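Here's the structure, in structure tokens; my notes come after.
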Amino acid sequence: MVWASLLLRSVAPERGWGHERVIGWLLFGEILLFLSGALLGHPFLGAAAASALLYGVFAYQRPLLGWALIWFAFPFSIEMRIPGGNAIYVPTEPMIMLWLAAGALRLPLRGPLRAPPSRFHAPLIALAAVALASAALSPFPLLGLKAWFVAVAYAGFGFAFPFLHLGNNDRASRWIPWVVGAAAGWGLYGTARVLLAGVSVQHAYGAARPFFPEHGTYSAYLSMLLPLSLLSTLEGEGRARLLYALATILIGFGIALSFTRAAWVSLILILPLAVGVWAVRRRSLKPLAWAGGLAAVVLIAVAGIGAEGRIVRHASSVVESENASNLERVNRWMAAVEMAKDRPWLGMGYGTYPAAYPNYRRKVILTEEVYFHMGAHSEPLRVLSETGIAGVLVSGWLIFVAVGLGISAYARAARPRTGMLALAALSG
């Protein structure tokens with residue numbers, strides 16, 4: 001309550017009632033919601049409703065900080081299954097919905113809404129239309145429509161910065177230390193857990209628990225932020241460069257000990273290219289030297305704890321036919337192909353692959369993961385199986401335009417920091 005009172009003092013309306021009256025009524029509402037949950041035998045539900053009210057008010061008055069809170073809450077999100085086969089990530093997805101609702105309420109205060117012109121809009125709208133059609137015609141329409149609405153919310157969350165005039169290059173630059181620092185903290189946390197539990201694939205699977213649900217999500221989060229940390233190191237000077245270098249090492253070490261093969265492959269493909277492009281822009285070999293030095297530090301640290309052999313063995317297991325994870329991937333891929341054969345143009349419905357999988361899995365391959373609720377383990381095949389040929393074509397268009405916009409933003413950047421942000425976003 002003390003925290004809530006201090007927070008609400010910063011979000012009380014600028015006009016109308018006084019701060020004290022607003023805070024009093026909101027705290028009264030918080031208490032009623034919590035007590036209602038307790039009396040109904042669901043104290044957690046009451047606490048969740050009270051937290052939602054508090055966050056909704058905060059998002060209305062401080063949209064930029066509300067946006068940031070969603071970003072920092074992501075590692076704490078867990079998947080909660082709800083009746084009917086649906087699932088929701090809590091608290092991230094409810095926070096996004098509240099933030100968008102608060103933004104909608106603020107629109108009358110901002111005047112007419114004008115979308116900045118962009119080549120990105122047409123393919124994004126086309127993809128939304130194809131996904132909606134696939135969901136509506138799906139054998140699992142409720143699951144598909146729920147997935148579609150959540151995807152629209154995520155897209156709206158990202159697009160809100162230019163639409164609501166919340167962001168610009170200077171504001172974005174101020175967030176870099178916080179974002180990179182958070183990634184470094186999670187890299188350190190996961191590394192410490194693996195080192196304490198034992199450096200192995202089994203222990204790495206839950207490296208960041210009880211936060212990230214499994215190592216794939218954890219390593220993807222770190223991998224998407226590693227280019228920003230690395231390029232900030234190359235662009236920084238003095239103490240800032242050293243701090244970013246330390247963050248890059250911690251993030252890299254976290255990815256290495258996550259034992260996620262897809263993350264390792266993505267870094268091998270993307271980082272040399274990104275550093276090379278940055279070196280050409282700066283007309284200097286120093287970026288290559290810095291990047292090579294940081295990579296060497298991570299490799300030496302991995303060797304120092306005796307993990308290099310296990311990492312090499314795990315990397316080579318990608319071609320082992322008896323590996324249970326590989327076998328289950330083949331299972332999922334074959335099921336996706338069969339779904340596409342049954343419904344070639346619009347697929348089984350956006351977001352419905354896990355629900356459709358039991359009807360399409362091959363019985364000749366049995367693993368301990370065969371009954372797990374998970375996706376296709378391949379984004380191209382997931383898109384094909386869920387949205388059909390139409391979805392694949394439109395998704396390809398969207399990716400082509402997105403990459404082109406990233407390259408264009410990087411090439412036209414007048415300042416090094418702006419170019420660095422564009423290259424980091426594209427690489428991530």
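Labeling convention for the structure tokens: chains A, B, ... as they appear, residues from 1 per chain, ligands from 1 in order of appearance.
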Could you give me, as a PyMOL selection string, the residues within 8 Å of region 414-420 of chain A, counting only C-alpha atoms and dropping anything in the same chain fewer than 3 positions from it? chain A and resi 169+173+228+231-232+235+278+409-411+423-424
Residues at most 7 Å from Ser258 (chain A), counting only C-alpha atoms, excluding those fewer than 3 positions away in the same chain, as a ChimeraX atom specification? /A:204-205,207,215,219,254-255
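Surrounding region 187-203 of chain A within 8 Å are Ala208, Leu222, Leu250, Ile251, Gly252, Phe253, Gly254, Ile255, Leu257, Ser258, Phe259, Ala307, Arg310 and His314 of chain A, with only C-alpha atoms counted and residues fewer than 5 positions along the same chain left out.
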Would you output that residue set with C-alpha atoms, as a compact mmCIF listing (two decimals), in the first residue's frame?
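Once everything was written out, this is result_32.txt:
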```txt
# COMPACT_ATOMS: atom_id res chain seq x y z
CA ALA A 208 16.42 -18.82 -15.75
CA LEU A 222 19.25 -12.54 -24.80
CA LEU A 250 27.50 -11.56 -19.51
CA ILE A 251 24.83 -11.83 -22.22
CA GLY A 252 27.12 -13.94 -24.41
CA PHE A 253 28.01 -16.23 -21.51
CA GLY A 254 24.31 -16.65 -20.68
CA ILE A 255 23.56 -17.67 -24.29
CA LEU A 257 25.41 -21.84 -21.19
CA SER A 258 21.75 -21.94 -22.24
CA PHE A 259 22.64 -24.87 -24.54
CA ALA A 307 32.18 -26.59 -20.59
CA ARG A 310 29.72 -30.39 -23.56
CA HIS A 314 25.46 -30.62 -27.86
```
Any chance you could tabulate, as JSON lines, the residues of region 72-157 of chain A at most 10 Å from region 335-352 of chain A with each one's nearest atom pair and distance in Å to one decimal, using only C-alpha atoms, in chain and rising number order?
```
{"residue": "A:Gly85", "atom": "CA", "partner": "A:Thr352", "partner_atom": "CA", "distance": 9.9}
{"residue": "A:Asn86", "atom": "CA", "partner": "A:Thr352", "partner_atom": "CA", "distance": 9.9}
{"residue": "A:Ala128", "atom": "CA", "partner": "A:Tyr350", "partner_atom": "CA", "distance": 9.9}
{"residue": "A:Val130", "atom": "CA", "partner": "A:Leu346", "partner_atom": "CA", "distance": 7.4}
{"residue": "A:Ala131", "atom": "CA", "partner": "A:Tyr350", "partner_atom": "CA", "distance": 5.5}
{"residue": "A:Leu132", "atom": "CA", "partner": "A:Tyr350", "partner_atom": "CA", "distance": 7.3}
{"residue": "A:Ala133", "atom": "CA", "partner": "A:Leu346", "partner_atom": "CA", "distance": 7.5}
{"residue": "A:Ser134", "atom": "CA", "partner": "A:Gly349", "partner_atom": "CA", "distance": 4.5}
{"residue": "A:Ala135", "atom": "CA", "partner": "A:Gly349", "partner_atom": "CA", "distance": 4.3}
{"residue": "A:Ala136", "atom": "CA", "partner": "A:Gly349", "partner_atom": "CA", "distance": 7.5}
{"residue": "A:Leu137", "atom": "CA", "partner": "A:Gly349", "partner_atom": "CA", "distance": 7.0}
{"residue": "A:Ser138", "atom": "CA", "partner": "A:Gly349", "partner_atom": "CA", "distance": 4.6}
{"residue": "A:Pro139", "atom": "CA", "partner": "A:Met348", "partner_atom": "CA", "distance": 6.8}
{"residue": "A:Phe140", "atom": "CA", "partner": "A:Thr352", "partner_atom": "CA", "distance": 6.8}
{"residue": "A:Pro141", "atom": "CA", "partner": "A:Gly349", "partner_atom": "CA", "distance": 7.3}
{"residue": "A:Leu142", "atom": "CA", "partner": "A:Thr352", "partner_atom": "CA", "distance": 9.4}
{"residue": "A:Leu143", "atom": "CA", "partner": "A:Thr352", "partner_atom": "CA", "distance": 6.3}
{"residue": "A:Gly144", "atom": "CA", "partner": "A:Tyr350", "partner_atom": "CA", "distance": 5.1}
{"residue": "A:Leu145", "atom": "CA", "partner": "A:Tyr350", "partner_atom": "CA", "distance": 7.8}
{"residue": "A:Lys146", "atom": "CA", "partner": "A:Gly351", "partner_atom": "CA", "distance": 8.4}
{"residue": "A:Ala147", "atom": "CA", "partner": "A:Gly351", "partner_atom": "CA", "distance": 5.4}
{"residue": "A:Trp148", "atom": "CA", "partner": "A:Tyr350", "partner_atom": "CA", "distance": 6.8}
{"residue": "A:Ala151", "atom": "CA", "partner": "A:Gly351", "partner_atom": "CA", "distance": 9.5}
```
Show which residues sit within 12 Å of Val152 (chain A), as a short mmCIF file (atom, residue, chain, number, x, y, z; two decimals) with all heavy atoms, in the first residue's frame. Count only C-alpha atoms, and ignore same-chain residues fewer than 2 positions away.
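Produced file result.cif, reproduced below:
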```cif
data_model
loop_
_atom_site.label_atom_id
_atom_site.label_comp_id
_atom_site.auth_asym_id
_atom_site.auth_seq_id
_atom_site.Cartn_x
_atom_site.Cartn_y
_atom_site.Cartn_z
N GLU A 93 0.50 -10.11 -21.26
CA GLU A 93 -0.60 -9.87 -22.18
C GLU A 93 -1.73 -9.04 -21.56
O GLU A 93 -2.25 -8.13 -22.21
CB GLU A 93 -1.10 -11.19 -22.75
CG GLU A 93 -0.07 -11.81 -23.71
CD GLU A 93 -0.47 -13.15 -24.28
OE1 GLU A 93 -1.59 -13.62 -23.96
OE2 GLU A 93 0.31 -13.73 -25.05
N ILE A 96 -0.53 -5.47 -21.68
CA ILE A 96 -0.61 -4.89 -23.02
C ILE A 96 -2.04 -4.42 -23.31
O ILE A 96 -2.26 -3.32 -23.83
CB ILE A 96 -0.15 -5.90 -24.08
CG1 ILE A 96 1.37 -6.11 -23.98
CG2 ILE A 96 -0.52 -5.43 -25.48
CD1 ILE A 96 1.92 -7.17 -24.91
N MET A 97 -3.02 -5.25 -22.96
CA MET A 97 -4.42 -4.87 -23.20
C MET A 97 -4.79 -3.61 -22.41
O MET A 97 -5.44 -2.70 -22.94
CB MET A 97 -5.35 -6.02 -22.80
CG MET A 97 -5.12 -7.32 -23.56
SD MET A 97 -5.44 -7.15 -25.34
CE MET A 97 -5.13 -8.83 -25.89
N LEU A 100 -3.07 -0.54 -24.00
CA LEU A 100 -3.74 -0.09 -25.22
C LEU A 100 -5.07 0.59 -24.90
O LEU A 100 -5.44 1.58 -25.53
CB LEU A 100 -3.97 -1.28 -26.15
CG LEU A 100 -2.71 -1.88 -26.79
CD1 LEU A 100 -3.06 -3.17 -27.52
CD2 LEU A 100 -2.06 -0.89 -27.73
N LEU A 124 1.62 -5.67 -43.56
CA LEU A 124 1.15 -6.01 -42.21
C LEU A 124 -0.37 -6.16 -42.20
O LEU A 124 -0.91 -7.10 -41.60
CB LEU A 124 1.58 -4.93 -41.22
CG LEU A 124 1.30 -5.24 -39.75
CD1 LEU A 124 2.10 -6.46 -39.30
CD2 LEU A 124 1.63 -4.04 -38.87
N ILE A 125 -1.06 -5.25 -42.87
CA ILE A 125 -2.52 -5.35 -42.95
C ILE A 125 -2.92 -6.60 -43.73
O ILE A 125 -3.88 -7.31 -43.36
CB ILE A 125 -3.10 -4.08 -43.60
CG1 ILE A 125 -2.90 -2.88 -42.67
CG2 ILE A 125 -4.58 -4.26 -43.92
CD1 ILE A 125 -3.24 -1.54 -43.30
N LEU A 127 -1.23 -9.40 -43.97
CA LEU A 127 -1.00 -10.57 -43.13
C LEU A 127 -2.08 -10.70 -42.07
O LEU A 127 -2.56 -11.81 -41.77
CB LEU A 127 0.38 -10.47 -42.46
CG LEU A 127 0.77 -11.64 -41.56
CD1 LEU A 127 0.76 -12.95 -42.34
CD2 LEU A 127 2.15 -11.42 -40.95
N ALA A 128 -2.50 -9.57 -41.49
CA ALA A 128 -3.57 -9.60 -40.49
C ALA A 128 -4.86 -10.14 -41.11
O ALA A 128 -5.59 -10.92 -40.49
CB ALA A 128 -3.80 -8.21 -39.91
N ALA A 129 -5.14 -9.73 -42.36
CA ALA A 129 -6.36 -10.19 -43.03
C ALA A 129 -6.30 -11.70 -43.32
O ALA A 129 -7.29 -12.42 -43.10
CB ALA A 129 -6.56 -9.41 -44.33
N ALA A 131 -4.46 -13.95 -41.71
CA ALA A 131 -4.52 -14.66 -40.44
C ALA A 131 -5.94 -14.68 -39.89
O ALA A 131 -6.39 -15.70 -39.35
CB ALA A 131 -3.56 -14.00 -39.43
N LEU A 132 -6.66 -13.57 -40.03
CA LEU A 132 -8.05 -13.53 -39.55
C LEU A 132 -8.94 -14.48 -40.34
O LEU A 132 -9.76 -15.20 -39.77
CB LEU A 132 -8.58 -12.10 -39.65
CG LEU A 132 -10.03 -11.89 -39.20
CD1 LEU A 132 -10.21 -12.31 -37.74
CD2 LEU A 132 -10.46 -10.44 -39.40
N LEU A 145 -9.11 -17.14 -33.23
CA LEU A 145 -9.47 -15.73 -33.02
C LEU A 145 -8.78 -15.17 -31.79
O LEU A 145 -8.35 -14.01 -31.78
CB LEU A 145 -10.99 -15.61 -32.89
CG LEU A 145 -11.78 -15.87 -34.18
CD1 LEU A 145 -13.28 -15.88 -33.90
CD2 LEU A 145 -11.45 -14.81 -35.24
N LYS A 146 -8.64 -15.99 -30.74
CA LYS A 146 -7.91 -15.53 -29.55
C LYS A 146 -6.47 -15.22 -29.91
O LYS A 146 -5.92 -14.17 -29.54
CB LYS A 146 -7.99 -16.59 -28.45
CG LYS A 146 -7.27 -16.20 -27.16
CD LYS A 146 -5.85 -16.73 -27.11
CE LYS A 146 -5.12 -16.29 -25.87
NZ LYS A 146 -3.69 -16.70 -25.87
N ALA A 147 -5.83 -16.12 -30.67
CA ALA A 147 -4.44 -15.89 -31.08
C ALA A 147 -4.32 -14.66 -31.96
O ALA A 147 -3.36 -13.89 -31.85
CB ALA A 147 -3.91 -17.13 -31.82
N TRP A 148 -5.31 -14.44 -32.81
CA TRP A 148 -5.29 -13.28 -33.70
C TRP A 148 -5.39 -11.98 -32.90
O TRP A 148 -4.65 -11.02 -33.15
CB TRP A 148 -6.44 -13.38 -34.70
CG TRP A 148 -6.40 -12.30 -35.74
CD1 TRP A 148 -5.68 -12.32 -36.90
CD2 TRP A 148 -7.12 -11.07 -35.73
NE1 TRP A 148 -5.90 -11.15 -37.61
CE2 TRP A 148 -6.77 -10.37 -36.91
CE3 TRP A 148 -7.99 -10.48 -34.82
CZ2 TRP A 148 -7.29 -9.11 -37.21
CZ3 TRP A 148 -8.51 -9.22 -35.12
CH2 TRP A 148 -8.17 -8.56 -36.30
N PHE A 149 -6.30 -11.93 -31.95
CA PHE A 149 -6.46 -10.71 -31.14
C PHE A 149 -5.19 -10.42 -30.33
O PHE A 149 -4.78 -9.27 -30.19
CB PHE A 149 -7.66 -10.85 -30.20
CG PHE A 149 -8.97 -10.52 -30.85
CD1 PHE A 149 -9.92 -11.51 -31.06
CD2 PHE A 149 -9.25 -9.23 -31.30
CE1 PHE A 149 -11.12 -11.23 -31.69
CE2 PHE A 149 -10.45 -8.93 -31.92
CZ PHE A 149 -11.39 -9.93 -32.11
N VAL A 150 -4.55 -11.46 -29.81
CA VAL A 150 -3.31 -11.26 -29.06
C VAL A 150 -2.21 -10.73 -29.99
O VAL A 150 -1.46 -9.81 -29.62
CB VAL A 150 -2.86 -12.57 -28.38
CG1 VAL A 150 -1.46 -12.44 -27.81
CG2 VAL A 150 -3.84 -12.94 -27.27
N TYR A 154 -0.07 -7.23 -29.69
CA TYR A 154 1.39 -7.10 -29.71
C TYR A 154 1.83 -6.11 -30.80
O TYR A 154 2.73 -5.30 -30.59
CB TYR A 154 2.04 -8.47 -29.97
CG TYR A 154 2.22 -9.31 -28.73
CD1 TYR A 154 1.46 -10.46 -28.53
CD2 TYR A 154 3.15 -8.96 -27.76
CE1 TYR A 154 1.62 -11.25 -27.39
CE2 TYR A 154 3.33 -9.74 -26.62
CZ TYR A 154 2.56 -10.88 -26.44
OH TYR A 154 2.73 -11.64 -25.32
N ALA A 155 1.20 -6.21 -31.98
CA ALA A 155 1.55 -5.27 -33.05
C ALA A 155 1.20 -3.84 -32.65
O ALA A 155 1.97 -2.91 -32.88
CB ALA A 155 0.80 -5.66 -34.33
N GLY A 156 0.04 -3.66 -32.03
CA GLY A 156 -0.34 -2.33 -31.56
C GLY A 156 0.60 -1.80 -30.50
O GLY A 156 0.93 -0.61 -30.47
N PHE A 157 1.07 -2.69 -29.64
CA PHE A 157 2.04 -2.31 -28.61
C PHE A 157 3.31 -1.76 -29.23
O PHE A 157 3.87 -0.75 -28.79
CB PHE A 157 2.33 -3.54 -27.76
CG PHE A 157 3.40 -3.36 -26.72
CD1 PHE A 157 3.24 -2.47 -25.68
CD2 PHE A 157 4.58 -4.09 -26.79
CE1 PHE A 157 4.22 -2.32 -24.71
CE2 PHE A 157 5.56 -3.95 -25.83
CZ PHE A 157 5.38 -3.06 -24.80
N GLY A 158 3.79 -2.42 -30.30
CA GLY A 158 4.99 -1.94 -30.96
C GLY A 158 4.77 -0.69 -31.78
O GLY A 158 5.60 0.22 -31.80
N PHE A 159 3.60 -0.60 -32.44
CA PHE A 159 3.33 0.53 -33.32
C PHE A 159 2.93 1.79 -32.55
O PHE A 159 2.88 2.88 -33.12
CB PHE A 159 2.21 0.17 -34.29
CG PHE A 159 2.71 -0.25 -35.64
CD1 PHE A 159 3.36 -1.46 -35.78
CD2 PHE A 159 2.54 0.55 -36.75
CE1 PHE A 159 3.83 -1.87 -37.01
CE2 PHE A 159 3.01 0.16 -37.98
CZ PHE A 159 3.66 -1.05 -38.12
N ALA A 160 2.63 1.67 -31.26
CA ALA A 160 2.11 2.81 -30.51
C ALA A 160 3.12 3.94 -30.41
O ALA A 160 2.73 5.10 -30.29
CB ALA A 160 1.69 2.36 -29.11
#
```
